[in-house]
>>> print(open('target_11.csv').read())   # CSV, C-alpha atoms
chain,number,residue,atom,x,y,z
A,963,ALA,CA,10.4,4.9,55.1
A,964,GLU,CA,9.6,6.8,58.3
A,965,ASP,CA,7.5,9.4,56.5
A,966,GLY,CA,5.4,6.6,54.8
A,967,ILE,CA,4.9,4.8,58.1
A,968,ARG,CA,3.9,8.1,59.7
A,969,ASP,CA,1.3,8.6,57.0
A,970,LEU,CA,0.0,5.0,57.5
A,971,VAL,CA,-0.5,5.3,61.2
A,972,ARG,CA,-1.9,8.8,61.0
A,973,SER,CA,-4.6,7.6,58.5
A,974,ARG,CA,-5.7,5.1,61.2
A,975,GLY,CA,-6.0,7.7,64.0
A,976,LEU,CA,-2.6,6.9,65.5
A,977,GLY,CA,-0.7,10.1,64.7
A,978,ASP,CA,-0.4,11.3,68.3
A,979,VAL,CA,0.7,8.0,69.6
A,980,TYR,CA,3.3,7.6,66.7
A,981,LYS,CA,4.6,11.1,67.3
A,982,ARG,CA,5.3,10.4,71.0
A,983,GLN,CA,7.1,7.2,70.0
A,984,ILE,CA,9.3,8.9,67.4
A,985,ASN,CA,10.1,12.1,69.3
A,986,ASN,CA,11.0,10.2,72.5
A,987,SER,CA,12.7,7.3,70.8
A,988,LEU,CA,10.4,4.9,72.8
A,989,TRP,CA,9.6,2.3,70.2
A,990,PHE,CA,10.3,-0.3,72.7
A,991,LYS,CA,7.7,1.2,75.0
A,992,ALA,CA,4.9,1.4,72.5
A,993,ASN,CA,1.7,1.6,74.5
A,994,THR,CA,-1.0,-1.1,74.3
A,995,ALA,CA,-3.5,1.1,72.4
A,996,PHE,CA,-0.9,1.5,69.6
A,997,ILE,CA,-0.1,-2.2,69.5
A,998,ALA,CA,-3.7,-3.2,69.5
A,999,LYS,CA,-4.4,-0.9,66.6
A,1000,ILE,CA,-1.6,-2.3,64.6
A,1001,ASP,CA,-2.5,-5.9,65.4
A,1002,GLY,CA,-6.1,-5.2,64.5
A,1003,GLU,CA,-5.0,-3.9,61.1
A,1004,LEU,CA,-2.8,-6.9,60.6
A,1005,SER,CA,-5.6,-9.4,61.4
A,1006,GLN,CA,-7.5,-8.1,58.4
A,1007,LEU,CA,-4.7,-9.2,56.0
A,1008,GLN,CA,-5.3,-12.4,54.2
A,1009,TYR,CA,-3.3,-15.4,55.4
A,1010,LEU,CA,-2.9,-18.4,53.1
A,1011,PRO,CA,-1.7,-21.8,54.2
A,1012,PRO,CA,1.5,-22.7,52.3
A,1013,GLU,CA,-0.2,-25.8,50.9
A,1014,SER,CA,-2.7,-23.7,49.1
A,1015,LEU,CA,0.3,-22.2,47.1
A,1016,SER,CA,1.9,-25.6,46.6
A,1017,LEU,CA,4.9,-24.4,48.6
A,1018,GLN,CA,7.1,-27.2,49.8
A,1019,ASN,CA,8.9,-27.5,53.1
A,1020,TRP,CA,12.2,-25.6,53.5
A,1021,LEU,CA,14.7,-28.3,54.0
A,1022,THR,CA,17.8,-28.1,56.3
A,1023,GLY,CA,20.7,-26.7,54.4
A,1024,GLU,CA,18.7,-25.0,51.7
A,1025,ASP,CA,19.2,-21.4,50.8
A,1026,GLU,CA,16.6,-19.3,49.0
A,1027,ALA,CA,17.8,-20.2,45.5
A,1028,ASP,CA,17.6,-24.0,46.4
A,1029,PHE,CA,14.1,-23.5,47.8
A,1030,ASN,CA,12.8,-21.6,44.8
A,1031,ASP,CA,14.4,-23.7,42.2
A,1032,LYS,CA,12.7,-26.9,43.4
A,1033,HIS,CA,9.3,-25.4,42.7
A,1034,SER,CA,9.9,-25.5,38.9
A,1035,SER,CA,8.5,-29.1,38.9
A,1036,SER,CA,5.3,-28.1,40.8
A,1037,GLY,CA,3.7,-25.6,38.4
A,1038,SER,CA,5.5,-22.4,39.4
A,1039,ILE,CA,7.7,-20.3,37.1
A,1040,VAL,CA,10.9,-19.7,39.0
A,1041,LEU,CA,11.9,-16.0,38.4
A,1042,ASP,CA,14.2,-15.8,41.4
A,1043,ARG,CA,17.5,-14.2,40.1
A,1044,HIS,CA,15.8,-13.4,36.7
A,1045,LEU,CA,16.2,-9.7,36.7
A,1046,VAL,CA,14.5,-6.9,34.6
A,1047,ARG,CA,16.7,-3.9,33.7
A,1048,ILE,CA,15.2,-0.6,32.8
A,1049,PRO,CA,17.3,2.6,32.4
A,1050,GLN,CA,15.5,4.8,34.9
A,1051,GLU,CA,16.0,2.4,37.8
A,1052,ARG,CA,19.2,2.3,39.7
A,1053,GLY,CA,19.4,-1.5,39.7
A,1054,PRO,CA,17.8,-4.5,38.2
A,1055,ILE,CA,14.3,-5.6,39.5
A,1056,GLU,CA,13.0,-9.0,40.3
A,1057,PHE,CA,9.4,-9.4,39.3
A,1058,CYS,CA,8.8,-12.1,41.9
A,1059,ASP,CA,10.5,-15.3,43.1
A,1060,LEU,CA,7.7,-17.7,42.0
A,1061,LEU,CA,5.0,-16.9,39.5
A,1062,GLN,CA,2.0,-19.3,39.6
A,1063,SER,CA,-1.6,-19.7,38.8
A,1064,PHE,CA,-3.7,-18.6,41.7
A,1065,ALA,CA,-7.1,-20.4,42.3
A,1066,PRO,CA,-9.6,-19.9,41.0
A,1067,ASP,CA,-8.5,-17.6,38.1
A,1068,GLY,CA,-5.7,-15.4,39.4
A,1069,ILE,CA,-2.0,-15.0,39.2
A,1070,GLY,CA,0.3,-15.3,42.3
A,1071,LEU,CA,3.4,-13.2,42.5
A,1072,VAL,CA,5.2,-15.0,45.4
A,1073,HIS,CA,8.1,-13.2,47.1
A,1074,VAL,CA,10.1,-15.6,49.3
A,1075,LYS,CA,12.4,-14.8,52.3
A,1076,HIS,CA,14.1,-16.7,55.1
A,1077,ALA,CA,14.1,-13.9,57.7
A,1078,ARG,CA,12.4,-12.4,60.7
A,1079,GLY,CA,11.9,-9.0,62.3
A,1080,ALA,CA,13.6,-6.1,60.6
A,1081,GLU,CA,15.3,-8.4,58.1
A,1082,LEU,CA,11.9,-8.6,56.4
A,1083,ARG,CA,11.9,-5.0,55.2
A,1084,ALA,CA,13.7,-6.0,52.1
A,1085,LEU,CA,11.0,-8.6,51.3
A,1086,PHE,CA,8.2,-6.1,51.8
A,1087,ALA,CA,9.9,-3.5,49.7
A,1088,GLN,CA,10.5,-6.0,46.9
A,1089,GLY,CA,6.9,-6.8,46.6
A,1090,PHE,CA,5.8,-3.2,46.6
A,1091,VAL,CA,8.5,-2.0,44.1
A,1092,SER,CA,7.7,-4.8,41.7
A,1093,ALA,CA,4.0,-4.2,41.8
A,1094,GLN,CA,4.5,-0.4,41.4
A,1095,LEU,CA,6.7,-0.8,38.4
A,1096,TYR,CA,4.4,-3.3,36.8
A,1097,SER,CA,1.5,-0.9,37.3
A,1098,GLU,CA,3.3,2.3,36.1
A,1099,SER,CA,6.1,1.3,33.7
A,1100,GLU,CA,5.2,0.2,30.2
A,1101,GLU,CA,8.8,-0.8,29.6
A,1102,PHE,CA,8.8,-3.0,32.7
A,1103,ARG,CA,5.6,-4.7,31.6
A,1104,GLU,CA,6.8,-5.2,28.1
A,1105,LYS,CA,10.0,-6.9,29.3
A,1106,ILE,CA,8.0,-9.2,31.5
A,1107,HIS,CA,5.5,-10.1,28.8
A,1108,SER,CA,8.3,-10.8,26.3
A,1109,ALA,CA,10.5,-12.6,28.8
A,1110,ASN,CA,13.2,-10.0,28.1
A,1111,ILE,CA,14.9,-10.7,31.4
A,1112,ASP,CA,18.3,-12.1,32.6
A,1113,MET,CA,18.7,-15.8,32.2
A,1114,ASN,CA,15.6,-16.0,30.1
A,1115,ALA,CA,17.1,-19.0,28.2
A,1116,ASN,CA,16.2,-21.1,31.2
A,1117,LEU,CA,12.5,-20.5,30.6
A,1118,THR,CA,10.5,-23.0,28.6
A,1119,LYS,CA,8.1,-22.1,25.8
A,1120,ALA,CA,5.2,-22.8,28.0
A,1121,GLU,CA,6.6,-20.4,30.7
A,1122,LYS,CA,7.2,-17.7,28.2
A,1123,LYS,CA,3.7,-18.1,26.9
A,1124,MET,CA,2.3,-17.7,30.5
A,1125,LEU,CA,4.4,-14.5,30.9
A,1126,ALA,CA,3.0,-13.2,27.6
A,1127,SER,CA,-0.6,-14.0,28.8
A,1128,LEU,CA,-0.2,-11.5,31.7
A,1129,ALA,CA,-0.7,-8.7,29.2
A,1130,ILE,CA,-4.4,-9.3,29.1
A,1131,ARG,CA,-4.9,-9.9,32.8
A,1132,PRO,CA,-6.4,-7.1,34.9
A,1133,LYS,CA,-4.6,-6.1,38.0
A,1134,ARG,CA,-7.4,-7.4,40.2
A,1135,GLU,CA,-6.4,-10.9,39.3
A,1136,PHE,CA,-2.9,-10.5,40.6
A,1137,HIS,CA,-2.1,-11.5,44.2
A,1138,VAL,CA,1.2,-10.3,45.7
A,1139,VAL,CA,2.1,-13.0,48.3
A,1140,TYR,CA,4.8,-12.6,51.0
A,1141,ALA,CA,6.1,-16.1,51.8
A,1142,ILE,CA,8.2,-16.1,55.0
A,1143,PHE,CA,10.3,-18.8,56.4
A,1144,ASP,CA,11.2,-18.4,60.1
A,1145,ASP,CA,12.9,-21.3,61.8
A,1146,GLU,CA,14.1,-19.3,64.9
A,1147,PRO,CA,13.7,-21.5,68.0
A,1148,GLY,CA,10.9,-20.1,70.1
A,1149,HIS,CA,9.1,-18.5,67.1
A,1150,ILE,CA,6.4,-21.2,67.4
A,1151,VAL,CA,2.8,-21.1,66.1
A,1152,ASP,CA,1.1,-19.2,69.0
A,1153,THR,CA,-2.3,-20.8,69.3
A,1154,ALA,CA,-3.3,-18.3,72.1
A,1155,ARG,CA,-3.5,-15.4,69.6
A,1156,PRO,CA,-6.9,-14.5,68.1
A,1157,SER,CA,-6.1,-13.9,64.5
A,1158,GLU,CA,-4.5,-16.4,62.0
A,1159,ILE,CA,-1.7,-14.0,61.1
A,1160,GLY,CA,-1.1,-13.4,64.8
A,1161,ARG,CA,-0.9,-17.2,65.5
A,1162,MET,CA,1.4,-17.9,62.5
A,1163,LEU,CA,3.6,-14.8,62.5
A,1164,GLY,CA,3.1,-13.1,65.8
A,1165,ARG,CA,6.6,-13.9,66.9
A,1166,THR,CA,8.2,-13.4,63.5
A,1167,LEU,CA,7.0,-9.9,63.0
A,1168,THR,CA,8.4,-7.2,65.4
A,1169,LEU,CA,6.4,-4.1,65.9
A,1170,PHE,CA,8.4,-2.2,63.3
A,1171,ALA,CA,8.1,-5.1,60.8
A,1172,LYS,CA,4.3,-5.1,61.3
A,1173,ILE,CA,4.1,-1.3,60.6
A,1174,ASP,CA,6.3,-1.7,57.5
A,1175,LEU,CA,4.3,-4.6,56.2
A,1176,LEU,CA,1.0,-2.6,56.6
A,1177,TRP,CA,2.5,0.4,54.9
A,1178,ARG,CA,3.6,-1.8,51.9
A,1179,VAL,CA,0.2,-3.6,51.8
A,1180,GLN,CA,-1.6,-0.2,51.7
A,1181,GLY,CA,0.6,0.8,48.8
A,1182,ILE,CA,0.1,-2.4,46.9
A,1183,ARG,CA,-3.7,-2.4,47.3
A,1184,SER,CA,-3.8,1.2,46.2
A,1185,LEU,CA,-2.4,0.0,42.9
A,1186,GLY,CA,-5.2,-2.4,42.4
A,1187,TYR,CA,-3.6,-5.7,43.5
A,1188,ASN,CA,-4.5,-8.2,46.2
A,1189,VAL,CA,-2.1,-9.0,49.0
A,1190,ALA,CA,-1.6,-12.1,51.2
A,1191,VAL,CA,0.9,-13.6,53.5
A,1192,THR,CA,2.0,-17.2,54.2
A,1193,ARG,CA,4.5,-18.9,56.4
A,1194,ILE,CA,6.6,-21.7,54.9
A,1195,ARG,CA,6.9,-25.0,56.8
A,1196,PRO,CA,8.4,-26.5,58.9
A,1197,TYR,CA,7.7,-24.4,62.1
A,1198,PRO,CA,9.8,-24.6,65.2
>>> encode(input="target_11.csv", output="C-alpha cells")
Amino acid sequence: AEDGIRDLVRSRGLGDVYKRQINNSLWFKANTAFIAKIDGELSQLQYLPPESLSLQNWLTGEDEADFNDKHSSSGSIVLDRHLVRIPQERGPIEFCDLLQSFAPDGIGLVHVKHARGAELRALFAQGFVSAQLYSESEEFREKIHSANIDMNANLTKAEKKMLASLAIRPKREFHVVYAIFDDEPGHIVDTARPSEIGRMLGRTLTLFAKIDLLWRVQGIRSLGYNVAVTRIRPYP
C-alpha cells in the first residue's frame, strides 16, 4: 500500500513532502501544504446525498448485514455476503453490498461500511479489487452475469435478470460508491469546511484514510469506472 500511495502523491507534485513524512515518521506532523494538496484532490471527488441512492438511516443496534438486507425492498439487489469464488484468488470476492440502478441510466455498485479513519481501508480496497476483477477477469464477470455466487438461491428471477443485463453495459455506466456510516460523537457535519466532502467526511477521514481513498479512486477511474462517496444518516 505504501508504494501505491507514494506513486499517488508523487504524481501530484508531493513526492518530496511525502518522502520527508515517511523517512522521519512524521505523519502526525504533516505540513499544511501537503494537507492542502490532499484536501484539494479530495474536494474533486463526487459526493452524493444518501437520499439520491435511496439509502435508509442506519438504526441503533443494526449491523452491516441488517442495514444492507433492509434495502431489498427499495429496489437494490443485496449482494452483501454473496461471494464469488475464482481459483486464482486467495479468497472469495464480494462484487458489492448493494447493486442498484443509478440515475439516469447507470449502475451503482455500493460498498457499505460502519467505520472511520484507518478502519476504512478495507472498504476502499473492496471497491477497488471488485472493480479490477470485473474489468480484467472474464471468469469473474461470467459468474456475476450468471448469478453463480454463494447464496444465489436468495436472488429473485428479476434480480438474476438484472445481473445478466450487466454483460452489455459499458464500464462508463458503472459507479463505484463508497457509503460510510460514522456515528462517532464529535464527527459532526462541519459546515465551516469549503467542500462538500470536507463538510460531510472531514472528521471521519484521517490523513492516511484520505490518501488511501484517493489512491483507490485513481485506480478505479483508470479502469474506466466512475467513483462517488456518500455518508449514511443519521449524523452525530
>>> residues_around(input="target_11.csv", residues="A:Lys1105", least_positions_apart="4", cutoff="10 Å", atoms="only C-alpha atoms", output="number ranges by chain")
A: 1046-1048, 1100-1101, 1109-1111, 1125-1126
>>> atom_distance(input="target_11.csv", atom1="atom CA of A:Val1151", atom2="atom CA of A:Val1040")
28.3 Å
>>> residues_around(input="target_11.csv", residues="A:Gly1079", least_positions_apart="3", cutoff="8 Å", atoms="all atoms listed in the file", output="number ranges by chain")
A: 1082, 1166-1168, 1170-1171
>>> atom_distance(input="target_11.csv", atom1="atom CA of A:Gly1160", atom2="atom CA of A:Leu1004")
7.9 Å
>>> atom_distance(input="target_11.csv", atom1="atom CA of A:Phe1064", atom2="atom CA of A:Tyr1009")
14.1 Å
>>> closest_residue(input="target_11.csv", among="A:Ser1097, A:Asn1116, A:Ser1038, A:Ser1014", to="A:Leu1071", atoms="all atoms listed in the file")
A:Ser1038
>>> residues_around(input="target_11.csv", residues="A:Pro1147", least_positions_apart="5", cutoff="12 Å", atoms="all atoms listed in the file", output="list in words")
Arg1078, Arg1165, Thr1166, Pro1196, Tyr1197 and Pro1198 of chain A
>>> closest_residue(input="target_11.csv", among="A:Ile1173, A:Leu1015, A:Val1179, A:Ile1194", to="A:Ile1000", atoms="only C-alpha atoms")
A:Ile1173
>>> closest_residue(input="target_11.csv", among="A:Tyr1187, A:Trp1020, A:Phe1029, A:Tyr1140", to="A:Gln1094", atoms="all atoms listed in the file")
A:Tyr1187
>>> closest_residue(input="target_11.csv", among="A:Pro1012, A:Gly1068, A:Gly1148, A:Gly1186", to="A:Lys1133", atoms="only C-alpha atoms")
A:Gly1186
>>> residues_near_point(input="target_11.csv", point="(5.4, -18.2, 28.5)", cutoff="12 Å", atoms="all atoms listed in the file", output="PDB file with C-alpha atoms, in the frame of the given file")
ATOM      1  CA  SER A1038       5.500 -22.400  39.400  1.00  0.00           C
ATOM      2  CA  ILE A1039       7.700 -20.300  37.100  1.00  0.00           C
ATOM      3  CA  VAL A1040      10.900 -19.700  39.000  1.00  0.00           C
ATOM      4  CA  LEU A1061       5.000 -16.900  39.500  1.00  0.00           C
ATOM      5  CA  GLN A1062       2.000 -19.300  39.600  1.00  0.00           C
ATOM      6  CA  ILE A1106       8.000  -9.200  31.500  1.00  0.00           C
ATOM      7  CA  HIS A1107       5.500 -10.100  28.800  1.00  0.00           C
ATOM      8  CA  SER A1108       8.300 -10.800  26.300  1.00  0.00           C
ATOM      9  CA  ALA A1109      10.500 -12.600  28.800  1.00  0.00           C
ATOM     10  CA  ASN A1110      13.200 -10.000  28.100  1.00  0.00           C
ATOM     11  CA  ASN A1114      15.600 -16.000  30.100  1.00  0.00           C
ATOM     12  CA  ALA A1115      17.100 -19.000  28.200  1.00  0.00           C
ATOM     13  CA  ASN A1116      16.200 -21.100  31.200  1.00  0.00           C
ATOM     14  CA  LEU A1117      12.500 -20.500  30.600  1.00  0.00           C
ATOM     15  CA  THR A1118      10.500 -23.000  28.600  1.00  0.00           C
ATOM     16  CA  LYS A1119       8.100 -22.100  25.800  1.00  0.00           C
ATOM     17  CA  ALA A1120       5.200 -22.800  28.000  1.00  0.00           C
ATOM     18  CA  GLU A1121       6.600 -20.400  30.700  1.00  0.00           C
ATOM     19  CA  LYS A1122       7.200 -17.700  28.200  1.00  0.00           C
ATOM     20  CA  LYS A1123       3.700 -18.100  26.900  1.00  0.00           C
ATOM     21  CA  MET A1124       2.300 -17.700  30.500  1.00  0.00           C
ATOM     22  CA  LEU A1125       4.400 -14.500  30.900  1.00  0.00           C
ATOM     23  CA  ALA A1126       3.000 -13.200  27.600  1.00  0.00           C
ATOM     24  CA  SER A1127      -0.600 -14.000  28.800  1.00  0.00           C
ATOM     25  CA  LEU A1128      -0.200 -11.500  31.700  1.00  0.00           C
ATOM     26  CA  ALA A1129      -0.700  -8.700  29.200  1.00  0.00           C
TER      27      ALA A1129
END
>>> residues_around(input="target_11.csv", residues="A:Leu1045", least_positions_apart="3", cutoff="9 Å", atoms="only C-alpha atoms", output="ChimeraX atom specification")
/A:1041-1042,1054-1057,1111-1113
